[in-house]
>>> print(open('run.cif').read())   # mmCIF, C-alpha atoms and all ligand atoms
data_upload
#
loop_
_atom_site.group_PDB
_atom_site.id
_atom_site.type_symbol
_atom_site.label_atom_id
_atom_site.label_comp_id
_atom_site.auth_asym_id
_atom_site.auth_seq_id
_atom_site.Cartn_x
_atom_site.Cartn_y
_atom_site.Cartn_z
ATOM 1 C CA MET A 1 110.471 27.822 -196.313
ATOM 2 C CA PRO A 2 110.836 30.045 -193.227
ATOM 3 C CA GLY A 3 114.235 29.925 -191.614
ATOM 4 C CA LYS A 4 116.154 31.556 -188.785
ATOM 5 C CA ALA A 5 114.640 34.806 -187.523
ATOM 6 C CA ASN A 6 116.478 37.833 -186.192
ATOM 7 C CA ARG A 7 114.068 38.453 -183.326
ATOM 8 C CA THR A 8 111.353 36.168 -182.047
ATOM 9 C CA ALA A 9 108.491 36.136 -179.554
ATOM 10 C CA ILE A 10 106.082 33.633 -178.024
ATOM 11 C CA VAL A 11 102.650 34.913 -177.019
ATOM 12 C CA THR A 12 100.425 32.495 -175.092
ATOM 13 C CA GLY A 13 96.719 33.040 -175.652
ATOM 14 C CA GLY A 14 97.585 34.713 -178.947
ATOM 15 C CA ALA A 15 94.498 33.588 -180.867
ATOM 16 C CA ARG A 16 92.207 36.429 -179.844
ATOM 17 C CA GLY A 17 91.695 39.419 -177.534
ATOM 18 C CA ILE A 18 94.670 40.980 -175.805
ATOM 19 C CA GLY A 19 97.021 38.183 -176.940
ATOM 20 C CA ARG A 20 96.182 38.754 -180.606
ATOM 21 C CA ALA A 21 96.856 42.502 -180.250
ATOM 22 C CA ILE A 22 100.215 41.713 -178.595
ATOM 23 C CA CYS A 23 101.136 39.360 -181.474
ATOM 24 C CA LEU A 24 100.415 42.090 -184.013
ATOM 25 C CA ALA A 25 102.266 44.797 -182.040
ATOM 26 C CA LEU A 26 105.391 42.619 -181.882
ATOM 27 C CA ALA A 27 105.065 41.611 -185.548
ATOM 28 C CA GLN A 28 104.894 45.314 -186.446
ATOM 29 C CA LYS A 29 108.231 45.701 -184.680
ATOM 30 C CA GLY A 30 109.726 42.956 -186.872
ATOM 31 C CA TYR A 31 109.474 40.008 -184.496
ATOM 32 C CA ALA A 32 108.630 36.543 -185.788
ATOM 33 C CA VAL A 33 105.788 35.440 -183.523
ATOM 34 C CA ALA A 34 104.589 32.093 -182.187
ATOM 35 C CA PRO A 35 101.032 32.462 -180.851
ATOM 36 C CA VAL A 36 100.073 29.582 -178.554
ATOM 37 C CA ASP A 37 96.406 28.776 -177.974
ATOM 38 C CA LEU A 38 93.707 26.120 -177.702
ATOM 39 C CA ARG A 39 91.495 27.860 -180.308
ATOM 40 C CA GLU A 40 92.690 26.403 -183.601
ATOM 41 C CA ALA A 41 90.646 28.473 -186.081
ATOM 42 C CA GLU A 42 91.300 31.847 -184.424
ATOM 43 C CA LEU A 43 94.975 30.916 -184.034
ATOM 44 C CA ALA A 44 95.243 30.301 -187.781
ATOM 45 C CA SER A 45 93.663 33.668 -188.538
ATOM 46 C CA THR A 46 96.027 35.501 -186.139
ATOM 47 C CA ALA A 47 98.951 33.698 -187.805
ATOM 48 C CA LYS A 48 97.778 35.009 -191.207
ATOM 49 C CA GLU A 49 97.604 38.558 -189.795
ATOM 50 C CA ILE A 50 101.148 38.209 -188.410
ATOM 51 C CA GLU A 51 102.465 36.997 -191.774
ATOM 52 C CA ALA A 52 100.693 39.861 -193.546
ATOM 53 C CA LEU A 53 103.007 42.170 -191.582
ATOM 54 C CA GLY A 54 105.992 40.536 -193.297
ATOM 55 C CA VAL A 55 107.296 38.282 -190.519
ATOM 56 C CA ASP A 56 107.237 34.543 -189.872
ATOM 57 C CA ALA A 57 104.425 33.046 -187.751
ATOM 58 C CA MET A 58 104.504 29.681 -185.965
ATOM 59 C CA PRO A 59 100.996 28.988 -184.623
ATOM 60 C CA ILE A 60 101.008 26.382 -181.865
ATOM 61 C CA VAL A 61 97.889 24.562 -180.705
ATOM 62 C CA ALA A 62 98.638 23.730 -177.084
ATOM 63 C CA ASP A 63 97.315 23.787 -173.547
ATOM 64 C CA ILE A 64 99.677 25.931 -171.460
ATOM 65 C CA ALA A 65 98.903 23.713 -168.450
ATOM 66 C CA SER A 66 101.087 20.967 -169.990
ATOM 67 C CA TYR A 67 104.599 21.104 -168.531
ATOM 68 C CA GLN A 68 106.126 18.760 -171.125
ATOM 69 C CA GLY A 69 104.190 20.459 -173.925
ATOM 70 C CA ALA A 70 105.830 23.803 -173.161
ATOM 71 C CA ARG A 71 109.300 22.217 -173.264
ATOM 72 C CA ASP A 72 108.623 20.364 -176.528
ATOM 73 C CA HIS A 73 107.180 23.425 -178.273
ATOM 74 C CA VAL A 74 110.018 25.708 -177.150
ATOM 75 C CA ALA A 75 112.540 23.129 -178.403
ATOM 76 C CA ALA A 76 110.771 23.098 -181.798
ATOM 77 C CA MET A 77 110.877 26.918 -181.939
ATOM 78 C CA VAL A 78 114.573 27.000 -181.156
ATOM 79 C CA ARG A 79 115.164 24.418 -183.923
ATOM 80 C CA ARG A 80 113.227 26.559 -186.400
ATOM 81 C CA TRP A 81 114.304 30.074 -185.413
ATOM 82 C CA GLY A 82 117.530 29.538 -183.474
ATOM 83 C CA ARG A 83 116.476 31.895 -180.671
ATOM 84 C CA ILE A 84 113.658 33.070 -178.366
ATOM 85 C CA ASP A 85 113.886 36.768 -177.432
ATOM 86 C CA VAL A 86 110.514 37.393 -175.808
ATOM 87 C CA LEU A 87 107.923 35.380 -173.886
ATOM 88 C CA VAL A 88 104.556 36.963 -173.179
ATOM 89 C CA ASN A 89 102.577 34.862 -170.686
ATOM 90 C CA ASN A 90 99.041 36.007 -171.482
ATOM 91 C CA ALA A 91 96.757 32.949 -171.799
ATOM 92 C CA ALA A 92 94.422 32.586 -168.856
ATOM 93 C CA MET A 93 90.898 31.360 -168.171
ATOM 94 C CA PRO A 94 88.118 32.979 -166.174
ATOM 95 C CA GLN A 95 86.694 31.447 -163.005
ATOM 96 C CA THR A 96 83.245 32.787 -162.204
ATOM 97 C CA LYS A 97 82.373 30.631 -159.181
ATOM 98 C CA ARG A 98 82.278 31.935 -155.624
ATOM 99 C CA ILE A 99 83.719 30.206 -152.554
ATOM 100 C CA LEU A 100 80.544 28.217 -151.764
ATOM 101 C CA GLU A 101 80.187 26.925 -155.357
ATOM 102 C CA ILE A 102 83.689 26.232 -156.594
ATOM 103 C CA THR A 103 84.860 22.590 -156.671
ATOM 104 C CA GLU A 104 88.328 21.246 -155.991
ATOM 105 C CA ALA A 105 88.648 20.394 -159.706
ATOM 106 C CA ASP A 106 87.690 23.990 -160.676
ATOM 107 C CA TRP A 107 90.330 25.399 -158.315
ATOM 108 C CA ASP A 108 93.012 22.968 -159.535
ATOM 109 C CA ARG A 109 92.335 23.774 -163.206
ATOM 110 C CA GLU A 110 92.419 27.536 -162.516
ATOM 111 C CA MET A 111 95.836 27.215 -160.870
ATOM 112 C CA ALA A 112 97.083 24.771 -163.540
ATOM 113 C CA VAL A 113 96.358 27.264 -166.324
ATOM 114 C CA ASN A 114 96.580 30.743 -164.770
ATOM 115 C CA LEU A 115 99.627 30.154 -162.554
ATOM 116 C CA LYS A 116 101.403 26.890 -163.438
ATOM 117 C CA GLY A 117 100.956 27.646 -167.143
ATOM 118 C CA TYR A 118 103.051 30.800 -166.623
ATOM 119 C CA PHE A 119 105.706 28.773 -164.764
ATOM 120 C CA ASN A 120 105.741 26.071 -167.478
ATOM 121 C CA TRP A 121 106.559 28.491 -170.280
ATOM 122 C CA SER A 122 108.945 30.623 -168.193
ATOM 123 C CA GLN A 123 111.018 27.596 -167.238
ATOM 124 C CA ALA A 124 111.018 26.276 -170.817
ATOM 125 C CA VAL A 125 112.327 29.518 -172.350
ATOM 126 C CA ALA A 126 114.853 30.397 -169.628
ATOM 127 C CA PRO A 127 117.683 28.074 -170.826
ATOM 128 C CA PRO A 128 117.751 29.330 -174.455
ATOM 129 C CA MET A 129 117.456 32.958 -173.285
ATOM 130 C CA LEU A 130 120.291 32.531 -170.771
ATOM 131 C CA ALA A 131 122.422 30.747 -173.383
ATOM 132 C CA ALA A 132 121.809 33.615 -175.837
ATOM 133 C CA GLY A 133 122.755 36.194 -173.192
ATOM 134 C CA GLY A 134 119.416 38.034 -173.032
ATOM 135 C CA GLY A 135 115.641 37.881 -173.063
ATOM 136 C CA ARG A 136 112.426 39.483 -171.886
ATOM 137 C CA MET A 137 109.429 38.004 -170.114
ATOM 138 C CA VAL A 138 106.191 39.948 -169.750
ATOM 139 C CA ASN A 139 103.451 38.430 -167.595
ATOM 140 C CA ILE A 140 99.832 39.503 -167.918
ATOM 141 C CA SER A 141 98.238 39.569 -164.479
ATOM 142 C CA SER A 142 95.181 41.692 -163.549
ATOM 143 C CA VAL A 143 94.325 44.627 -161.310
ATOM 144 C CA SER A 144 92.141 42.137 -159.431
ATOM 145 C CA ALA A 145 95.363 40.550 -158.086
ATOM 146 C CA ASN A 146 95.584 43.634 -155.873
ATOM 147 C CA THR A 147 91.975 44.743 -155.508
ATOM 148 C CA GLY A 148 89.929 41.525 -155.665
ATOM 149 C CA PRO A 149 87.299 41.285 -158.402
ATOM 150 C CA SER A 150 85.279 44.434 -159.114
ATOM 151 C CA PRO A 151 81.472 44.073 -159.488
ATOM 152 C CA HIS A 152 81.708 44.115 -163.324
ATOM 153 C CA ALA A 153 84.561 41.554 -163.442
ATOM 154 C CA VAL A 154 83.955 38.198 -165.142
ATOM 155 C CA SER A 155 85.936 36.227 -162.562
ATOM 156 C CA ARG A 156 85.898 35.836 -158.792
ATOM 157 C CA PHE A 157 88.411 35.126 -156.009
ATOM 158 C CA ALA A 158 90.188 32.051 -157.468
ATOM 159 C CA TYR A 159 91.209 34.038 -160.537
ATOM 160 C CA SER A 160 92.445 36.895 -158.326
ATOM 161 C CA ALA A 161 94.463 34.383 -156.294
ATOM 162 C CA ALA A 162 96.177 32.983 -159.408
ATOM 163 C CA LYS A 163 96.827 36.494 -160.746
ATOM 164 C CA ALA A 164 98.381 37.502 -157.406
ATOM 165 C CA GLY A 165 100.606 34.424 -157.763
ATOM 166 C CA VAL A 166 101.724 35.753 -161.147
ATOM 167 C CA LEU A 167 102.971 38.918 -159.413
ATOM 168 C CA GLY A 168 105.071 36.852 -156.978
ATOM 169 C CA LEU A 169 106.380 34.731 -159.854
ATOM 170 C CA THR A 170 107.328 37.927 -161.700
ATOM 171 C CA ARG A 171 109.210 39.474 -158.776
ATOM 172 C CA GLY A 172 110.944 36.210 -157.869
ATOM 173 C CA LEU A 173 112.051 35.398 -161.413
ATOM 174 C CA ALA A 174 113.154 39.010 -161.972
ATOM 175 C CA ARG A 175 115.682 38.598 -159.170
ATOM 176 C CA GLU A 176 116.720 35.064 -160.160
ATOM 177 C CA LEU A 177 117.199 35.748 -163.850
ATOM 178 C CA ALA A 178 118.855 39.189 -163.546
ATOM 179 C CA PRO A 179 120.797 40.635 -165.168
ATOM 180 C CA THR A 180 120.287 38.491 -168.274
ATOM 181 C CA ILE A 181 116.505 38.191 -168.513
ATOM 182 C CA LEU A 182 114.179 41.072 -167.593
ATOM 183 C CA VAL A 183 110.842 39.980 -166.125
ATOM 184 C CA ASN A 184 107.988 42.474 -165.738
ATOM 185 C CA ALA A 185 104.209 42.283 -165.385
ATOM 186 C CA ILE A 186 101.179 44.238 -166.503
ATOM 187 C CA CYS A 187 97.881 44.440 -164.626
ATOM 188 C CA PRO A 188 95.120 45.274 -167.108
ATOM 189 C CA GLY A 189 91.975 46.970 -165.815
ATOM 190 C CA ALA A 190 88.683 46.712 -167.699
ATOM 191 C CA ILE A 191 89.585 45.776 -171.295
ATOM 192 C CA LEU A 192 86.829 45.099 -173.820
ATOM 193 C CA THR A 193 87.391 41.645 -175.393
ATOM 194 C CA ASP A 194 85.286 38.633 -176.429
ATOM 195 C CA ARG A 195 85.708 37.360 -172.887
ATOM 196 C CA THR A 196 84.444 40.477 -171.135
ATOM 197 C CA ALA A 197 81.919 42.066 -173.550
ATOM 198 C CA ASP A 198 78.775 40.430 -172.065
ATOM 199 C CA SER A 199 79.672 41.014 -168.450
ATOM 200 C CA PHE A 200 80.775 44.633 -169.034
ATOM 201 C CA ALA A 201 77.703 45.608 -171.123
ATOM 202 C CA PRO A 202 75.343 46.482 -168.228
ATOM 203 C CA HIS A 203 78.156 48.332 -166.393
ATOM 204 C CA MET A 204 79.640 50.399 -169.216
ATOM 205 C CA GLU A 205 78.591 53.794 -167.830
ATOM 206 C CA ARG A 206 79.921 52.931 -164.369
ATOM 207 C CA ILE A 207 83.252 51.718 -165.810
ATOM 208 C CA LYS A 208 83.643 55.051 -167.619
ATOM 209 C CA THR A 209 82.748 57.019 -164.474
ATOM 210 C CA VAL A 210 85.305 55.243 -162.247
ATOM 211 C CA THR A 211 88.030 55.468 -164.901
ATOM 212 C CA PRO A 212 89.799 58.865 -164.906
ATOM 213 C CA LEU A 213 90.648 58.454 -168.606
ATOM 214 C CA GLY A 214 86.917 58.107 -169.239
ATOM 215 C CA ARG A 215 86.677 54.984 -171.368
ATOM 216 C CA VAL A 216 86.963 51.220 -171.294
ATOM 217 C CA GLY A 217 90.360 49.818 -172.400
ATOM 218 C CA THR A 218 91.148 48.102 -175.700
ATOM 219 C CA PRO A 219 93.522 45.173 -176.386
ATOM 220 C CA GLU A 220 95.812 47.690 -178.135
ATOM 221 C CA ASP A 221 96.080 49.675 -174.857
ATOM 222 C CA ILE A 222 97.747 46.617 -173.312
ATOM 223 C CA ALA A 223 99.768 45.637 -176.397
ATOM 224 C CA VAL A 224 101.546 48.981 -176.592
ATOM 225 C CA VAL A 225 102.867 48.607 -173.033
ATOM 226 C CA VAL A 226 103.833 44.960 -173.604
ATOM 227 C CA ALA A 227 105.737 45.978 -176.733
ATOM 228 C CA PHE A 228 107.593 48.610 -174.703
ATOM 229 C CA LEU A 229 108.588 46.151 -171.944
ATOM 230 C CA ALA A 230 109.485 43.477 -174.501
ATOM 231 C CA THR A 231 111.516 45.577 -176.922
ATOM 232 C CA ALA A 232 112.675 48.947 -175.489
ATOM 233 C CA GLU A 233 116.464 49.377 -175.416
ATOM 234 C CA PRO A 234 117.859 50.170 -172.965
ATOM 235 C CA LEU A 235 115.429 49.018 -170.272
ATOM 236 C CA PHE A 236 116.471 49.584 -166.633
ATOM 237 C CA MET A 237 113.371 47.863 -165.240
ATOM 238 C CA THR A 238 112.803 44.380 -163.880
ATOM 239 C CA GLY A 239 110.308 42.934 -161.400
ATOM 240 C CA GLU A 240 108.054 45.899 -162.122
ATOM 241 C CA ILE A 241 104.254 45.687 -162.054
ATOM 242 C CA ILE A 242 102.432 48.212 -164.228
ATOM 243 C CA ASP A 243 98.686 48.900 -163.973
ATOM 244 C CA VAL A 244 97.182 49.665 -167.386
ATOM 245 C CA ASP A 245 93.680 50.657 -166.343
ATOM 246 C CA GLY A 246 93.054 54.260 -167.403
ATOM 247 C CA GLY A 247 93.805 55.361 -163.850
ATOM 248 C CA ALA A 248 90.945 53.362 -162.308
ATOM 249 C CA ASN A 249 93.095 52.124 -159.422
ATOM 250 C CA ILE A 250 95.293 55.109 -158.628
ATOM 251 C CA ASN A 251 96.561 54.795 -155.070
HETATM 252 N N1 LIG A 301 89.921 41.630 -170.674
HETATM 253 C C1 LIG A 301 90.117 42.153 -169.455
HETATM 254 O O1 LIG A 301 89.376 43.047 -168.995
HETATM 255 C C2 LIG A 301 91.280 41.677 -168.628
HETATM 256 C C3 LIG A 301 91.495 42.304 -167.393
HETATM 257 C C4 LIG A 301 92.549 41.879 -166.593
HETATM 258 C C5 LIG A 301 93.388 40.875 -167.041
HETATM 259 N N2 LIG A 301 93.161 40.276 -168.237
HETATM 260 C C6 LIG A 301 94.086 39.217 -168.637
HETATM 261 O O2 LIG A 301 94.515 39.436 -169.961
HETATM 262 C C7 LIG A 301 94.773 38.189 -170.599
HETATM 263 C C8 LIG A 301 93.992 38.084 -171.909
HETATM 264 O O3 LIG A 301 92.606 38.245 -171.619
HETATM 265 P P1 LIG A 301 91.503 38.417 -172.771
HETATM 266 O O4 LIG A 301 90.455 39.317 -172.238
HETATM 267 O O5 LIG A 301 92.148 38.738 -174.082
HETATM 268 O O6 LIG A 301 90.875 36.941 -172.765
HETATM 269 P P2 LIG A 301 90.412 36.011 -173.971
HETATM 270 O O7 LIG A 301 89.620 34.911 -173.328
HETATM 271 O O8 LIG A 301 89.743 36.800 -175.046
HETATM 272 O O9 LIG A 301 91.785 35.439 -174.519
HETATM 273 C C9 LIG A 301 92.527 34.500 -173.794
HETATM 274 C C10 LIG A 301 93.089 33.501 -174.760
HETATM 275 O O10 LIG A 301 93.805 32.516 -173.986
HETATM 276 C C11 LIG A 301 93.486 31.236 -174.496
HETATM 277 N N3 LIG A 301 93.646 30.215 -173.458
HETATM 278 C C12 LIG A 301 92.898 30.079 -172.327
HETATM 279 N N4 LIG A 301 93.316 28.995 -171.646
HETATM 280 C C13 LIG A 301 94.320 28.436 -172.362
HETATM 281 C C14 LIG A 301 95.148 27.294 -172.168
HETATM 282 N N5 LIG A 301 94.976 26.486 -171.111
HETATM 283 N N6 LIG A 301 96.116 27.035 -173.074
HETATM 284 C C15 LIG A 301 96.272 27.833 -174.163
HETATM 285 N N7 LIG A 301 95.517 28.914 -174.403
HETATM 286 C C16 LIG A 301 94.552 29.211 -173.509
HETATM 287 C C17 LIG A 301 92.026 31.360 -174.941
HETATM 288 O O11 LIG A 301 91.703 30.340 -175.859
HETATM 289 C C18 LIG A 301 91.983 32.748 -175.527
HETATM 290 O O12 LIG A 301 92.272 32.760 -176.910
HETATM 291 C C19 LIG A 301 94.442 37.116 -169.580
HETATM 292 O O13 LIG A 301 95.593 36.769 -168.831
HETATM 293 C C20 LIG A 301 93.453 37.819 -168.672
HETATM 294 O O14 LIG A 301 93.396 37.225 -167.393
HETATM 295 C C21 LIG A 301 92.127 40.655 -169.032
#
>>> encode(input="run.cif", output="structure tokens")
Amino acid sequence: MPGKANRTAIVTGGARGIGRAICLALAQKGYAVAPVDLREAELASTAKEIEALGVDAMPIVADIASYQGARDHVAAMVRRWGRIDVLVNNAAMPQTKRILEITEADWDREMAVNLKGYFNWSQAVAPPMLAAGGGRMVNISSVSANTGPSPHAVSRFAYSAAKAGVLGLTRGLARELAPTILVNAICPGAILTDRTADSFAPHMERIKTVTPLGRVGTPEDIAVVVAFLATAEPLFMTGEIIDVDGGANIN
């Protein structure tokens, strides 16, 4: 029967893709991990991979858009583990429609998941982190928050708008929660995952050409930077936004 853990992390969208790689990177560092996702089967398989690394896993089937759900699940984690050290807000959904096609319901759902979902989980974990005297939040945004969607991107403007909101949330919370909780964000560039494989396929040569490091990114390229922001001691950084894009958006 799993009990209290020494160090713990929540990773939303942990079932597959970048979130799964983040779960495994934190598990490798000895963190018990709670992946949160809508995809039940893939969540169970990520949980098995986490446990195979010798730490506790607490897979949670949940929609991050639910405000009360986030509070209830965080309360259950604190009961089980006694602490929450790290929150990685990573779950997000694409939005492929352009301004003349998108409906009000599409827009509302995009904001409910990709922006409010990040707020829901940040607010739920803040009290236990403050009570414990420390914590880290890492928010996964996108380079398209700053650049707008590139031609090979899956999503269009509504996604970029939500991801830009994540940057404001990050900077605002970094100031509010300092010095106890450090809040930073990562903007991935083109990262090959189940979500992006089809849309990247016809553009692969172009992606390589416009990327100084000469290749498309992998989920592990993001996970290594998340693990740094989530676990490095000491860390004299908060409210920072880091592009992880192989240099594609150097400015
Ligand atoms: N792949 C890229 O090129 C890229 C680029 C920039 C930013 N990102 C960002 O990185 C993150 C991960 O992207 P990915 O490529 O791994 O995508 P993905 O679709 O493979 O994984 C996202 C996961 O989030 C889950 N999810 C979606 N909505 C959810 C909800 N409402 N509640 C709970 N879980 C939900 C999905 O089920 C999925 O498992 C996202 O925030 C994405 O916007 C990705």
>>> residues_near_ligand(input="run.cif", ligand="ligand LIG 301 (chain A)", cutoff="8 Å", atoms="all atoms listed in the file", output="MDAnalysis selection string")
chainID A and resid 12:20 36:39 42:43 61:65 89:94 113:114 117 140:144 153 159 163 187:196 217 219
>>> closest_residue(input="run.cif", among="A:Ala164, A:Leu235, A:Val86, A:Val33", to="Trp121 (chain A)", atoms="only C-alpha atoms")
A:Val86
>>> resolve_selection(input="run.cif", expression="the PyMOL selection byres (((chain A and resi 28) around 9) and not hetatm)", output="VMD selection string")
chain A and resid 23 to 27 29 to 31 50 53 to 55
>>> atom_distance(input="run.cif", atom1="CA of Asp243 (chain A)", atom2="CA of Glu205 (chain A)")
21.0 Å
>>> closest_residue(input="run.cif", among="A:Ala126, A:Val11, A:Val225, A:Ala75", to="Ile241 (chain A)", atoms="only C-alpha atoms")
A:Val225
>>> atom_distance(input="run.cif", atom1="CA of Leu173 (chain A)", atom2="CA of Arg83 (chain A)")
20.1 Å
>>> atom_distance(input="run.cif", atom1="CA of Glu101 (chain A)", atom2="CA of Leu115 (chain A)")
21.0 Å
>>> decode(input="run.cif", residues="region 59-79 of chain A", atoms="N, CA and C atoms", output="compact mmCIF listing (two decimals), in the first residue's frame")
# COMPACT_ATOMS: atom_id res chain seq x y z
N PRO A 59 -2.50 7.75 -11.04
CA PRO A 59 -3.15 8.22 -12.26
C PRO A 59 -4.53 8.79 -11.96
N ILE A 60 -4.83 9.93 -12.54
CA ILE A 60 -6.11 10.60 -12.28
C ILE A 60 -6.81 10.88 -13.59
N VAL A 61 -7.99 10.28 -13.77
CA VAL A 61 -8.79 10.56 -14.96
C VAL A 61 -9.63 11.79 -14.66
N ALA A 62 -9.31 12.89 -15.33
CA ALA A 62 -10.03 14.14 -15.04
C ALA A 62 -9.92 15.10 -16.19
N ASP A 63 -10.91 15.97 -16.28
CA ASP A 63 -10.90 17.08 -17.24
C ASP A 63 -10.36 18.30 -16.50
N ILE A 64 -9.24 18.86 -16.97
CA ILE A 64 -8.64 19.98 -16.24
C ILE A 64 -9.53 21.22 -16.25
N ALA A 65 -10.55 21.23 -17.12
CA ALA A 65 -11.46 22.39 -17.16
C ALA A 65 -12.36 22.45 -15.93
N SER A 66 -12.43 21.36 -15.16
CA SER A 66 -13.30 21.36 -13.96
C SER A 66 -12.60 22.00 -12.77
N TYR A 67 -13.15 23.11 -12.32
CA TYR A 67 -12.58 23.84 -11.17
C TYR A 67 -12.65 22.98 -9.91
N GLN A 68 -13.85 22.44 -9.62
CA GLN A 68 -14.01 21.65 -8.40
C GLN A 68 -13.21 20.35 -8.49
N GLY A 69 -13.13 19.78 -9.70
CA GLY A 69 -12.37 18.55 -9.88
C GLY A 69 -10.92 18.74 -9.46
N ALA A 70 -10.32 19.84 -9.88
CA ALA A 70 -8.91 20.09 -9.52
C ALA A 70 -8.76 20.13 -8.00
N ARG A 71 -9.69 20.80 -7.34
CA ARG A 71 -9.58 20.93 -5.86
C ARG A 71 -9.73 19.56 -5.19
N ASP A 72 -10.72 18.77 -5.68
CA ASP A 72 -10.96 17.46 -5.06
C ASP A 72 -9.76 16.53 -5.28
N HIS A 73 -9.20 16.54 -6.48
CA HIS A 73 -8.08 15.64 -6.77
C HIS A 73 -6.83 16.05 -5.98
N VAL A 74 -6.58 17.35 -5.88
CA VAL A 74 -5.41 17.79 -5.10
C VAL A 74 -5.59 17.41 -3.63
N ALA A 75 -6.81 17.55 -3.12
CA ALA A 75 -7.06 17.16 -1.72
C ALA A 75 -6.77 15.66 -1.52
N ALA A 76 -7.18 14.84 -2.49
CA ALA A 76 -6.93 13.39 -2.40
C ALA A 76 -5.43 13.10 -2.43
N MET A 77 -4.69 13.85 -3.27
CA MET A 77 -3.23 13.64 -3.33
C MET A 77 -2.56 14.02 -2.01
N VAL A 78 -3.01 15.11 -1.43
CA VAL A 78 -2.40 15.54 -0.17
C VAL A 78 -2.72 14.50 0.92
N ARG A 79 -3.93 13.93 0.88
CA ARG A 79 -4.25 12.87 1.86
C ARG A 79 -3.33 11.67 1.67
